[in-house]
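J.: Input target05.cif, format and content: mmCIF, C-alpha atoms.
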data_entry
loop_
_atom_site.group_PDB
_atom_site.id
_atom_site.type_symbol
_atom_site.label_atom_id
_atom_site.label_comp_id
_atom_site.auth_asym_id
_atom_site.auth_seq_id
_atom_site.Cartn_x
_atom_site.Cartn_y
_atom_site.Cartn_z
ATOM 1 C CA TRP A 1 25.489 -14.818 -76.309
ATOM 2 C CA LEU A 2 22.129 -13.806 -77.779
ATOM 3 C CA LYS A 3 21.681 -11.080 -75.137
ATOM 4 C CA ALA A 4 25.162 -9.747 -75.886
ATOM 5 C CA LEU A 5 24.348 -9.870 -79.599
ATOM 6 C CA GLY A 6 21.196 -7.828 -79.013
ATOM 7 C CA GLY A 7 23.181 -5.156 -77.178
ATOM 8 C CA ASN A 8 25.801 -5.039 -79.918
ATOM 9 C CA LEU A 9 23.122 -4.710 -82.591
ATOM 10 C CA ARG A 10 21.531 -1.791 -80.713
ATOM 11 C CA ARG A 11 24.919 -0.067 -80.501
ATOM 12 C CA ALA A 12 25.524 -0.767 -84.184
ATOM 13 C CA ALA A 13 22.195 0.889 -85.031
ATOM 14 C CA ARG A 14 23.587 4.175 -83.706
ATOM 15 C CA GLU A 15 26.751 3.944 -85.832
ATOM 16 C CA GLU A 16 26.781 6.327 -88.814
ATOM 17 C CA ASP A 17 30.057 5.370 -90.524
ATOM 18 C CA PRO A 18 29.393 2.282 -92.726
ATOM 19 C CA VAL A 19 32.925 0.906 -92.382
ATOM 20 C CA ARG A 20 32.809 1.054 -88.575
ATOM 21 C CA LEU A 21 29.251 -0.296 -88.702
ATOM 22 C CA LEU A 22 30.389 -3.359 -90.652
ATOM 23 C CA ALA A 23 33.320 -3.889 -88.271
ATOM 24 C CA THR A 24 30.977 -3.643 -85.273
ATOM 25 C CA LEU A 25 28.521 -6.141 -86.744
ATOM 26 C CA ARG A 26 31.237 -8.603 -87.675
ATOM 27 C CA ARG A 27 32.698 -8.471 -84.170
ATOM 28 C CA ALA A 28 29.215 -8.986 -82.762
ATOM 29 C CA ALA A 29 28.451 -11.989 -84.961
ATOM 30 C CA HIS A 30 31.811 -13.766 -84.716
ATOM 31 C CA PRO A 31 32.659 -16.257 -83.448
ATOM 32 C CA GLN A 32 29.282 -17.928 -83.644
ATOM 33 C CA PRO A 33 28.741 -20.644 -80.998
ATOM 34 C CA ALA A 34 27.595 -24.154 -81.898
ATOM 35 C CA TYR A 35 24.492 -24.315 -79.737
ATOM 36 C CA ARG A 36 22.316 -27.434 -79.398
ATOM 37 C CA LYS A 37 18.733 -27.433 -78.238
ATOM 38 C CA GLY A 38 19.075 -30.089 -75.547
ATOM 39 C CA ALA A 39 22.293 -28.731 -74.076
ATOM 40 C CA HIS A 40 21.654 -24.981 -74.291
ATOM 41 C CA PHE A 41 17.867 -24.460 -74.748
ATOM 42 C CA PRO A 42 16.312 -27.379 -72.828
ATOM 43 C CA ASP A 43 13.247 -25.420 -71.661
ATOM 44 C CA ASP A 44 13.377 -22.373 -73.920
ATOM 45 C CA GLU A 45 11.453 -22.920 -77.134
ATOM 46 C CA ALA A 46 11.377 -19.186 -77.903
ATOM 47 C CA GLY A 47 15.138 -18.874 -77.448
ATOM 48 C CA TRP A 48 15.790 -21.894 -79.659
ATOM 49 C CA ALA A 49 13.469 -20.521 -82.350
ATOM 50 C CA LEU A 50 15.325 -17.201 -82.205
ATOM 51 C CA TRP A 51 18.662 -18.975 -82.520
ATOM 52 C CA LYS A 52 17.447 -21.009 -85.517
ATOM 53 C CA ASP A 53 16.132 -17.847 -87.176
ATOM 54 C CA TRP A 54 19.517 -16.157 -86.674
ATOM 55 C CA THR A 55 21.590 -19.064 -88.010
ATOM 56 C CA GLU A 56 19.362 -20.892 -90.508
ATOM 57 C CA GLY A 57 16.296 -18.835 -91.370
ATOM 58 C CA LYS A 58 13.192 -20.590 -92.648
ATOM 59 C CA ASP A 59 12.844 -23.111 -95.445
ATOM 60 C CA THR A 60 9.403 -24.707 -95.399
ATOM 61 C CA LYS A 61 6.514 -25.056 -97.820
ATOM 62 C CA LYS A 62 4.724 -22.176 -96.118
ATOM 63 C CA GLU A 63 7.652 -19.834 -95.555
ATOM 64 C CA SER A 64 11.144 -19.306 -96.884
ATOM 65 C CA ARG A 65 13.599 -16.622 -95.785
ATOM 66 C CA PRO A 66 17.365 -16.362 -95.313
ATOM 67 C CA PRO A 67 19.015 -16.374 -91.870
ATOM 68 C CA VAL A 68 18.640 -13.122 -89.945
ATOM 69 C CA ARG A 69 22.432 -13.037 -89.683
ATOM 70 C CA GLU A 70 22.673 -12.869 -93.487
ATOM 71 C CA GLU A 71 20.001 -10.171 -93.661
ATOM 72 C CA VAL A 72 21.932 -8.077 -91.131
ATOM 73 C CA LEU A 73 25.436 -8.532 -92.522
ATOM 74 C CA GLY A 74 24.719 -9.219 -96.210
ATOM 75 C CA PRO A 75 23.906 -5.700 -97.447
ATOM 76 C CA LEU A 76 26.960 -4.198 -95.741
ATOM 77 C CA GLN A 77 29.239 -6.966 -96.959
ATOM 78 C CA ARG A 78 28.021 -6.468 -100.534
ATOM 79 C CA TRP A 79 28.467 -2.704 -100.187
ATOM 80 C CA PHE A 80 31.992 -3.145 -98.845
ATOM 81 C CA GLY A 81 32.866 -5.668 -101.582
ATOM 82 C CA ALA A 82 31.716 -3.249 -104.284
ATOM 83 C CA ARG A 83 33.726 -0.485 -102.647
ATOM 84 C CA LEU A 84 36.854 -2.647 -102.628
ATOM 85 C CA ALA A 85 36.324 -3.547 -106.287
ATOM 86 C CA ARG A 86 36.049 0.124 -107.261
ATOM 87 C CA ALA A 87 39.179 0.926 -105.250
ATOM 88 C CA ALA A 88 41.235 -1.874 -106.848
ATOM 89 C CA PRO A 89 42.525 0.181 -109.841
ATOM 90 C CA VAL A 90 43.649 2.951 -107.477
ATOM 91 C CA VAL A 91 45.492 0.471 -105.250
ATOM 92 C CA VAL A 92 47.169 -1.166 -108.255
ATOM 93 C CA ALA A 93 48.229 2.222 -109.667
ATOM 94 C CA ALA A 94 49.645 3.274 -106.278
ATOM 95 C CA TYR A 95 51.548 -0.006 -106.014
ATOM 96 C CA GLU A 96 52.993 0.449 -109.506
ATOM 97 C CA ALA A 97 54.033 4.020 -108.629
ATOM 98 C CA VAL A 98 55.845 2.817 -105.501
ATOM 99 C CA LYS A 99 57.731 0.162 -107.471
ATOM 100 C CA ALA A 100 58.703 2.690 -110.124
ATOM 101 C CA ARG A 101 59.904 5.186 -107.517
ATOM 102 C CA ARG A 102 62.035 2.549 -105.804
ATOM 103 C CA GLU A 103 63.126 0.989 -109.114
ATOM 104 C CA GLU A 104 61.961 -2.425 -107.965
ATOM 105 C CA VAL A 105 59.919 -5.245 -109.482
ATOM 106 C CA ASP A 106 58.049 -8.140 -107.911
ATOM 107 C CA GLN A 107 57.838 -11.750 -109.036
ATOM 108 C CA PRO A 108 54.904 -11.340 -111.475
ATOM 109 C CA ASP A 109 56.685 -8.314 -112.987
ATOM 110 C CA LEU A 110 59.603 -10.493 -114.010
ATOM 111 C CA LEU A 111 57.280 -12.625 -116.134
ATOM 112 C CA LEU A 112 55.117 -9.756 -117.379
ATOM 113 C CA LYS A 113 57.994 -7.547 -118.459
ATOM 114 C CA LEU A 114 59.881 -10.409 -120.099
ATOM 115 C CA ARG A 115 56.715 -11.517 -121.895
ATOM 116 C CA ASP A 116 56.017 -7.949 -123.042
ATOM 117 C CA LEU A 117 59.585 -7.553 -124.297
ATOM 118 C CA LEU A 118 59.541 -10.820 -126.250
ATOM 119 C CA ARG A 119 56.066 -10.164 -127.632
ATOM 120 C CA ARG A 120 56.802 -6.573 -128.649
ATOM 121 C CA ASP A 121 60.262 -7.091 -130.135
ATOM 122 C CA ARG A 122 60.027 -9.526 -133.022
ATOM 123 C CA GLY A 123 63.590 -8.773 -134.144
ATOM 124 C CA PRO A 124 67.059 -9.040 -132.635
ATOM 125 C CA LEU A 125 66.072 -9.133 -128.954
ATOM 126 C CA ARG A 126 63.805 -12.154 -129.267
ATOM 127 C CA ALA A 127 66.430 -13.894 -131.397
ATOM 128 C CA PHE A 128 69.165 -12.988 -128.881
ATOM 129 C CA TYR A 129 67.347 -14.341 -125.832
ATOM 130 C CA GLY A 130 66.166 -17.422 -127.684
ATOM 131 C CA GLY A 131 69.733 -18.053 -128.826
ATOM 132 C CA LEU A 132 70.856 -18.341 -125.199
ATOM 133 C CA PHE A 133 69.205 -21.773 -125.024
ATOM 134 C CA ASP A 134 70.246 -24.783 -127.058
ATOM 135 C CA HIS A 135 67.373 -26.744 -125.604
ATOM 136 C CA ILE A 136 64.468 -26.031 -123.251
ATOM 137 C CA LEU A 137 63.039 -28.893 -121.184
ATOM 138 C CA VAL A 138 59.848 -28.234 -119.201
ATOM 139 C CA ASP A 139 58.602 -30.862 -116.760
ATOM 140 C CA GLU A 140 55.078 -30.864 -115.254
ATOM 141 C CA PHE A 141 53.877 -28.782 -118.178
ATOM 142 C CA GLN A 142 50.233 -29.267 -117.185
ATOM 143 C CA ASP A 143 50.894 -26.813 -114.329
ATOM 144 C CA THR A 144 52.252 -24.056 -116.573
ATOM 145 C CA ASP A 145 50.413 -20.731 -116.481
ATOM 146 C CA PRO A 146 49.726 -18.740 -119.692
ATOM 147 C CA LEU A 147 52.498 -16.196 -119.052
ATOM 148 C CA GLN A 148 55.125 -18.894 -118.624
ATOM 149 C CA ALA A 149 53.959 -20.726 -121.732
ATOM 150 C CA GLU A 150 54.082 -17.550 -123.808
ATOM 151 C CA VAL A 151 57.664 -16.833 -122.705
ATOM 152 C CA LEU A 152 58.725 -20.422 -123.404
ATOM 153 C CA PHE A 153 57.355 -20.480 -126.932
ATOM 154 C CA TYR A 154 58.859 -17.109 -127.838
ATOM 155 C CA LEU A 155 62.248 -18.377 -126.639
ATOM 156 C CA ALA A 156 61.820 -21.605 -128.617
ATOM 157 C CA GLU A 157 60.884 -19.834 -131.857
ATOM 158 C CA ASP A 158 62.770 -20.846 -134.991
ATOM 159 C CA PRO A 159 64.993 -17.844 -135.927
ATOM 160 C CA ALA A 160 65.013 -19.010 -139.537
ATOM 161 C CA GLY A 161 61.267 -18.466 -139.858
ATOM 162 C CA PRO A 162 58.946 -15.462 -139.519
ATOM 163 C CA ARG A 163 58.510 -13.834 -136.110
ATOM 164 C CA ALA A 164 55.055 -14.548 -134.709
ATOM 165 C CA GLU A 165 52.956 -11.749 -133.206
ATOM 166 C CA ASP A 166 51.123 -14.255 -130.997
ATOM 167 C CA TRP A 167 52.656 -17.185 -129.119
ATOM 168 C CA LEU A 168 49.875 -19.411 -130.441
ATOM 169 C CA LYS A 169 51.340 -18.892 -133.926
ATOM 170 C CA VAL A 170 54.972 -19.514 -132.987
ATOM 171 C CA LYS A 171 56.869 -22.045 -135.075
ATOM 172 C CA PRO A 172 59.350 -23.671 -132.671
ATOM 173 C CA LYS A 173 62.865 -24.452 -133.804
ATOM 174 C CA PRO A 174 63.160 -28.217 -134.377
ATOM 175 C CA GLY A 175 64.720 -29.889 -131.372
ATOM 176 C CA ARG A 176 64.708 -26.823 -129.107
ATOM 177 C CA LEU A 177 61.659 -27.515 -126.924
ATOM 178 C CA THR A 178 60.653 -30.611 -124.941
ATOM 179 C CA VAL A 179 57.614 -30.634 -122.679
ATOM 180 C CA VAL A 180 56.543 -33.386 -120.290
ATOM 181 C CA GLY A 181 53.090 -33.342 -118.781
ATOM 182 C CA ASP A 182 50.010 -35.256 -117.727
ATOM 183 C CA PRO A 183 46.635 -33.432 -117.655
ATOM 184 C CA LYS A 184 45.392 -35.880 -114.997
ATOM 185 C CA GLN A 185 47.893 -34.314 -112.586
ATOM 186 C CA ALA A 186 46.872 -30.669 -113.127
ATOM 187 C CA ILE A 187 46.443 -29.349 -109.565
ATOM 188 C CA TYR A 188 47.745 -25.765 -109.621
ATOM 189 C CA ARG A 189 44.812 -23.792 -110.988
ATOM 190 C CA PHE A 190 44.918 -21.645 -107.834
ATOM 191 C CA ARG A 191 48.338 -20.443 -109.044
ATOM 192 C CA ARG A 192 47.048 -19.568 -112.537
ATOM 193 C CA ALA A 193 47.934 -22.911 -114.104
ATOM 194 C CA ASP A 194 45.666 -23.409 -117.107
ATOM 195 C CA ILE A 195 45.087 -26.883 -118.507
ATOM 196 C CA GLY A 196 43.982 -25.212 -121.736
ATOM 197 C CA VAL A 197 47.596 -24.067 -122.202
ATOM 198 C CA TYR A 198 48.639 -27.719 -122.208
ATOM 199 C CA ALA A 199 46.175 -28.393 -125.025
ATOM 200 C CA GLU A 200 47.364 -25.359 -127.023
ATOM 201 C CA ALA A 201 51.004 -26.402 -126.641
ATOM 202 C CA ARG A 202 50.189 -29.870 -127.935
ATOM 203 C CA ARG A 203 48.342 -28.338 -130.862
ATOM 204 C CA ILE A 204 51.295 -26.112 -131.736
ATOM 205 C CA LEU A 205 53.854 -28.886 -131.437
ATOM 206 C CA ASP A 206 51.854 -31.707 -132.944
ATOM 207 C CA GLY A 207 48.952 -30.304 -134.933
ATOM 208 C CA ASP A 208 50.488 -27.478 -136.942
ATOM 209 C CA GLY A 209 52.831 -29.526 -139.069
ATOM 210 C CA HIS A 210 55.900 -28.949 -136.911
ATOM 211 C CA GLY A 211 56.736 -32.653 -136.800
ATOM 212 C CA ALA A 212 57.168 -32.940 -133.041
ATOM 213 C CA LEU A 213 57.916 -36.371 -131.645
ATOM 214 C CA MET A 214 55.074 -37.385 -129.348
ATOM 215 C CA ALA A 215 55.852 -40.149 -126.845
ATOM 216 C CA ARG A 216 53.302 -41.622 -124.442
ATOM 217 C CA LEU A 217 54.343 -43.260 -121.191
ATOM 218 C CA SER A 218 52.547 -46.589 -121.105
ATOM 219 C CA THR A 219 54.601 -48.403 -118.468
ATOM 220 C CA ASN A 220 54.719 -47.835 -114.724
ATOM 221 C CA PHE A 221 58.249 -48.683 -113.609
ATOM 222 C CA ARG A 222 57.746 -47.628 -109.987
ATOM 223 C CA SER A 223 54.878 -49.708 -108.657
ATOM 224 C CA ARG A 224 54.412 -53.414 -108.136
ATOM 225 C CA PRO A 225 52.174 -55.160 -110.699
ATOM 226 C CA SER A 226 49.509 -55.827 -108.059
ATOM 227 C CA LEU A 227 49.264 -52.122 -107.286
ATOM 228 C CA ILE A 228 49.118 -51.247 -110.980
ATOM 229 C CA ARG A 229 46.194 -53.639 -111.452
ATOM 230 C CA PHE A 230 44.423 -51.960 -108.539
ATOM 231 C CA PHE A 231 45.134 -48.444 -109.929
ATOM 232 C CA ASN A 232 43.928 -49.396 -113.397
ATOM 233 C CA GLY A 233 40.636 -50.694 -112.071
ATOM 234 C CA SER A 234 39.948 -47.950 -109.528
ATOM 235 C CA LEU A 235 41.060 -44.918 -111.544
ATOM 236 C CA ARG A 236 39.257 -46.090 -114.661
ATOM 237 C CA ASP A 237 36.049 -46.056 -112.614
ATOM 238 C CA LEU A 238 36.814 -42.611 -111.130
ATOM 239 C CA LEU A 239 38.027 -40.799 -114.249
ATOM 240 C CA GLY A 240 36.343 -42.876 -116.916
ATOM 241 C CA PRO A 241 37.982 -44.761 -119.783
ATOM 242 C CA VAL A 242 38.965 -42.979 -122.983
ATOM 243 C CA PRO A 243 35.893 -42.922 -125.265
ATOM 244 C CA GLU A 244 36.317 -44.866 -128.471
ATOM 245 C CA GLY A 245 37.945 -42.718 -131.130
ATOM 246 C CA ALA A 246 38.441 -39.802 -128.721
ATOM 247 C CA SER A 247 41.514 -38.142 -127.248
ATOM 248 C CA PRO A 248 42.591 -39.001 -123.686
ATOM 249 C CA PHE A 249 42.181 -35.309 -122.877
ATOM 250 C CA ASP A 250 39.175 -33.140 -123.707
ATOM 251 C CA PRO A 251 40.336 -29.473 -123.424
ATOM 252 C CA SER A 252 36.847 -28.083 -124.026
ATOM 253 C CA ARG A 253 35.675 -29.724 -120.788
ATOM 254 C CA GLY A 254 39.017 -29.791 -118.993
ATOM 255 C CA LYS A 255 38.546 -33.541 -118.538
ATOM 256 C CA ALA A 256 41.325 -36.125 -118.595
ATOM 257 C CA TYR A 257 40.324 -39.757 -119.047
ATOM 258 C CA TYR A 258 42.260 -42.605 -117.531
ATOM 259 C CA GLU A 259 44.683 -44.591 -119.667
ATOM 260 C CA ALA A 260 45.726 -47.912 -118.206
ATOM 261 C CA LEU A 261 49.421 -48.453 -117.552
ATOM 262 C CA GLY A 262 51.337 -51.696 -117.817
ATOM 263 C CA PRO A 263 53.879 -53.009 -115.308
ATOM 264 C CA ASP A 264 57.617 -53.203 -115.814
ATOM 265 C CA PRO A 265 58.086 -56.268 -118.074
ATOM 266 C CA ARG A 266 60.832 -57.450 -115.743
ATOM 267 C CA ARG A 267 58.291 -57.637 -112.894
ATOM 268 C CA ALA A 268 55.166 -58.587 -114.857
ATOM 269 C CA ALA A 269 55.436 -62.228 -113.805
ATOM 270 C CA GLU A 270 54.742 -61.343 -110.172
ATOM 271 C CA PRO A 271 51.749 -63.421 -108.946
ATOM 272 C CA PRO A 272 48.444 -61.551 -108.441
ATOM 273 C CA GLY A 273 48.468 -61.941 -104.658
ATOM 274 C CA ALA A 274 52.030 -60.647 -104.165
#
Just dump the structure as structure tokens.

T.:
Amino acid sequence: WLKALGGNLRRAAREEDPVRLLATLRRAAHPQPAYRKGAHFPDDEAGWALWKDWTEGKDTKKESRPPVREEVLGPLQRWFGARLARAAPVVVAAYEAVKARREEVDQPDLLLKLRDLLRRDRGPLRAFYGGLFDHILVDEFQDTDPLQAEVLFYLAEDPAGPRAEDWLKVKPKPGRLTVVGDPKQAIYRFRRADIGVYAEARRILDGDGHGALMARLSTNFRSRPSLIRFFNGSLRDLLGPVPEGASPFDPSRGKAYYEALGPDPRRAAEPPGA
């Protein structure tokens, strides 16, 4: 493999086009075998040292340097990444032009264009679309992304009050919006879910004088009491108990503390060993 790599590197040295050069180097370096000294270099100290230099580099008190593989591929990968970043606006503009020409929208467009419409029009259109819903119930609110939250609060706005320019200043109509969520279960950040949105929604509903009814689930009706005792002990150690005088959720750190749950009173008499 090392001999083949040497030949590929010599051929790559004659390549003038940087894109083809990067492709050649990546093909030469991948896949990288998982060699072991005893199995593959039993009597070849020089070959093993070369392999270690290629894969791991040096990290000793006397010498420190990155793997040769990184020194070979790194500059081209950084160059190509910068080139992609500079090309991104062009690609986005071309994509938008294609959608406009075909009169089509994609899934994010549906949210963006609705959000833009509701944000821009603080008159009859926002009131019309909000009036289509007697009540809005959102479950798993901790996994809501900022666009979704903005749309929801514009739709829940009280038509009898002033129209807000920013969703963070919306005054919801009493009884129109119900959200259910648990910051400990926030797992969709990779899909733009933002736990900070959960905190802002709570602030709007509870902290701005809107009189929202806040209800906390303190009973686990699903699990057996013995399991609940185990969860309470284990998760309190993992997540930490709520600090005295603090909120169960710290939005500035994105940290949710554990709040112990009680068992169903109808099953609470179950013996500890059951």

J.: Expressed in Å to a single decimal, how great is the separation between CA of Val242 (chain A) and CA of Arg189 (chain A)?

T.: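 Atom-to-atom, CA of Val242 (chain A) to CA of Arg189 (chain A), that is 23.4 Å.
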
J.: I need the residue set behind the PyMOL selection byres ((chain A and resi 11-26) around 10) for this file; please write it as a VMD selection string.

T.: chain A and resid 5 to 10 27 to 31 69 72 to 77 79 to 80

J.: So what do you get for CA of Pro66 (chain A) versus CA of Trp51 (chain A), distance-wise?

T.: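 CA of Pro66 (chain A) sits 13.1 Å away from CA of Trp51 (chain A).
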
J.: Nearest to Thr219 (chain A) among A:Leu261, A:Ala127, A:Leu168, A:Ala256, with distances taken over all atoms listed in the file: which residue is it?

T.: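 For Thr219 (chain A), the nearest of the given residues is A:Leu261.
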
J.: The PyMOL selection byres ((chain A and resi 184) around 8) - which residues does that actually catch in the file I just gave you? List them as a list in words.

T.: Asp182, Pro183, Gln185, Ala186, Ala256, Tyr257 and Tyr258 of chain A

J.: Against region 197-208 of chain A, which residues of region 80-173 of chain A fall within 7 Å? For each one I want the closest pair of atoms and the distance in Å (one decimal), counting only C-alpha atoms, rows by chain and increasing residue number, as CSV.

T.:
residue,atom,partner,partner_atom,distance
A:Phe141,CA,A:Tyr198,CA,6.7
A:Gln142,CA,A:Tyr198,CA,5.5
A:Pro146,CA,A:Val197,CA,6.3
A:Leu168,CA,A:Ile204,CA,7.0

J.: Could you write out as a ChimeraX atom specification the residues that the PyMOL selection byres ((chain A and resi 155) around 9) matches in the shown file?

T.: /A:118,126-127,129-133,136,150-154,156-158,172

J.: Which residue is closest to Gly254 (chain A)? Choose from A:Gly233, A:Phe221, A:Glu45, A:Ile195 and count all atoms listed in the file.

T.: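 Checking each of A:Gly233, A:Phe221, A:Glu45, A:Ile195 against Gly254 (chain A), counting all atoms listed in the file, the winner is A:Ile195.
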
J.: Which is closest to Thr178 (chain A) among A:Val98, A:Ala193, A:Val138, A:Leu147, if we use all atoms listed in the file?

T.: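 Of the candidates, the smallest distance to Thr178 (chain A) is held by A:Val138.
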
J.: Give me, please, the distance in Å between CA of Gln32 (chain A) and CA of Lys58 (chain A), quoted to one decimal.

T.: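 The value is 18.6 Å.
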
J.: Using the file's own x, y and z axes, what box holds all listed atoms of region 117-127 of chain A with 5 Å on each side, keeping edges along x, y and z, and what are its centre and edge lengths in Å to one decimal, as AutoDock Vina command-line options?

T.:
--center_x 61.6 --center_y -10.2 --center_z -129.2 --size_x 21.0 --size_y 17.3 --size_z 19.8

J.: Add whatever atoms are absent from region 4-20 of chain A to reach N, CA, C and O atoms, and provide the output as a PDB file, in the coordinates of the input.

T.:
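Printed below is result-v7.pdb as written:
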ATOM      1  N   ALA A   4      24.039 -10.604 -75.500  1.00  0.00           N
ATOM      2  CA  ALA A   4      25.162  -9.747 -75.886  1.00  0.00           C
ATOM      3  C   ALA A   4      25.023  -9.304 -77.334  1.00  0.00           C
ATOM      4  O   ALA A   4      25.307  -8.148 -77.678  1.00  0.00           O
ATOM      5  N   LEU A   5      24.553 -10.220 -78.193  1.00  0.00           N
ATOM      6  CA  LEU A   5      24.348  -9.870 -79.599  1.00  0.00           C
ATOM      7  C   LEU A   5      23.308  -8.761 -79.728  1.00  0.00           C
ATOM      8  O   LEU A   5      23.491  -7.813 -80.507  1.00  0.00           O
ATOM      9  N   GLY A   6      22.222  -8.861 -78.954  1.00  0.00           N
ATOM     10  CA  GLY A   6      21.196  -7.828 -79.013  1.00  0.00           C
ATOM     11  C   GLY A   6      21.741  -6.469 -78.628  1.00  0.00           C
ATOM     12  O   GLY A   6      21.446  -5.456 -79.273  1.00  0.00           O
ATOM     13  N   GLY A   7      22.574  -6.422 -77.566  1.00  0.00           N
ATOM     14  CA  GLY A   7      23.181  -5.156 -77.178  1.00  0.00           C
ATOM     15  C   GLY A   7      24.107  -4.608 -78.242  1.00  0.00           C
ATOM     16  O   GLY A   7      24.104  -3.396 -78.523  1.00  0.00           O
ATOM     17  N   ASN A   8      24.889  -5.484 -78.858  1.00  0.00           N
ATOM     18  CA  ASN A   8      25.801  -5.039 -79.918  1.00  0.00           C
ATOM     19  C   ASN A   8      25.032  -4.520 -81.131  1.00  0.00           C
ATOM     20  O   ASN A   8      25.439  -3.550 -81.775  1.00  0.00           O
ATOM     21  N   LEU A   9      23.923  -5.170 -81.454  1.00  0.00           N
ATOM     22  CA  LEU A   9      23.122  -4.710 -82.591  1.00  0.00           C
ATOM     23  C   LEU A   9      22.500  -3.338 -82.304  1.00  0.00           C
ATOM     24  O   LEU A   9      22.400  -2.492 -83.203  1.00  0.00           O
ATOM     25  N   ARG A  10      22.075  -3.108 -81.055  1.00  0.00           N
ATOM     26  CA  ARG A  10      21.531  -1.791 -80.713  1.00  0.00           C
ATOM     27  C   ARG A  10      22.601  -0.708 -80.812  1.00  0.00           C
ATOM     28  O   ARG A  10      22.339   0.395 -81.300  1.00  0.00           O
ATOM     29  N   ARG A  11      23.821  -1.039 -80.375  1.00  0.00           N
ATOM     30  CA  ARG A  11      24.919  -0.067 -80.501  1.00  0.00           C
ATOM     31  C   ARG A  11      25.267   0.167 -81.971  1.00  0.00           C
ATOM     32  O   ARG A  11      25.551   1.283 -82.382  1.00  0.00           O
ATOM     33  N   ALA A  12      25.217  -0.910 -82.762  1.00  0.00           N
ATOM     34  CA  ALA A  12      25.524  -0.767 -84.184  1.00  0.00           C
ATOM     35  C   ALA A  12      24.503   0.117 -84.881  1.00  0.00           C
ATOM     36  O   ALA A  12      24.829   0.840 -85.828  1.00  0.00           O
ATOM     37  N   ALA A  13      23.242   0.080 -84.402  1.00  0.00           N
ATOM     38  CA  ALA A  13      22.195   0.889 -85.031  1.00  0.00           C
ATOM     39  C   ALA A  13      22.463   2.382 -84.886  1.00  0.00           C
ATOM     40  O   ALA A  13      21.953   3.190 -85.676  1.00  0.00           O
ATOM     41  N   ARG A  14      23.270   2.759 -83.896  1.00  0.00           N
ATOM     42  CA  ARG A  14      23.587   4.175 -83.706  1.00  0.00           C
ATOM     43  C   ARG A  14      24.847   4.600 -84.460  1.00  0.00           C
ATOM     44  O   ARG A  14      25.191   5.780 -84.471  1.00  0.00           O
ATOM     45  N   GLU A  15      25.516   3.639 -85.116  1.00  0.00           N
ATOM     46  CA  GLU A  15      26.751   3.944 -85.832  1.00  0.00           C
ATOM     47  C   GLU A  15      26.429   4.536 -87.202  1.00  0.00           C
ATOM     48  O   GLU A  15      25.589   4.014 -87.933  1.00  0.00           O
ATOM     49  N   GLU A  16      27.063   5.642 -87.545  1.00  0.00           N
ATOM     50  CA  GLU A  16      26.781   6.327 -88.814  1.00  0.00           C
ATOM     51  C   GLU A  16      27.802   5.980 -89.898  1.00  0.00           C
ATOM     52  O   GLU A  16      27.467   6.011 -91.088  1.00  0.00           O
ATOM     53  N   ASP A  17      29.037   5.692 -89.526  1.00  0.00           N
ATOM     54  CA  ASP A  17      30.057   5.370 -90.524  1.00  0.00           C
ATOM     55  C   ASP A  17      29.889   3.914 -90.969  1.00  0.00           C
ATOM     56  O   ASP A  17      29.939   3.000 -90.151  1.00  0.00           O
ATOM     57  N   PRO A  18      29.679   3.650 -92.275  1.00  0.00           N
ATOM     58  CA  PRO A  18      29.393   2.282 -92.726  1.00  0.00           C
ATOM     59  C   PRO A  18      30.555   1.318 -92.503  1.00  0.00           C
ATOM     60  O   PRO A  18      30.330   0.137 -92.256  1.00  0.00           O
ATOM     61  N   VAL A  19      31.792   1.800 -92.593  1.00  0.00           N
ATOM     62  CA  VAL A  19      32.925   0.906 -92.382  1.00  0.00           C
ATOM     63  C   VAL A  19      32.987   0.460 -90.927  1.00  0.00           C
ATOM     64  O   VAL A  19      33.146  -0.729 -90.624  1.00  0.00           O
ATOM     65  N   ARG A  20      32.820   1.410 -89.991  1.00  0.00           N
ATOM     66  CA  ARG A  20      32.809   1.054 -88.575  1.00  0.00           C
ATOM     67  C   ARG A  20      31.575   0.219 -88.232  1.00  0.00           C
ATOM     68  O   ARG A  20      31.624  -0.656 -87.371  1.00  0.00           O
TER      69      ARG A  20
END
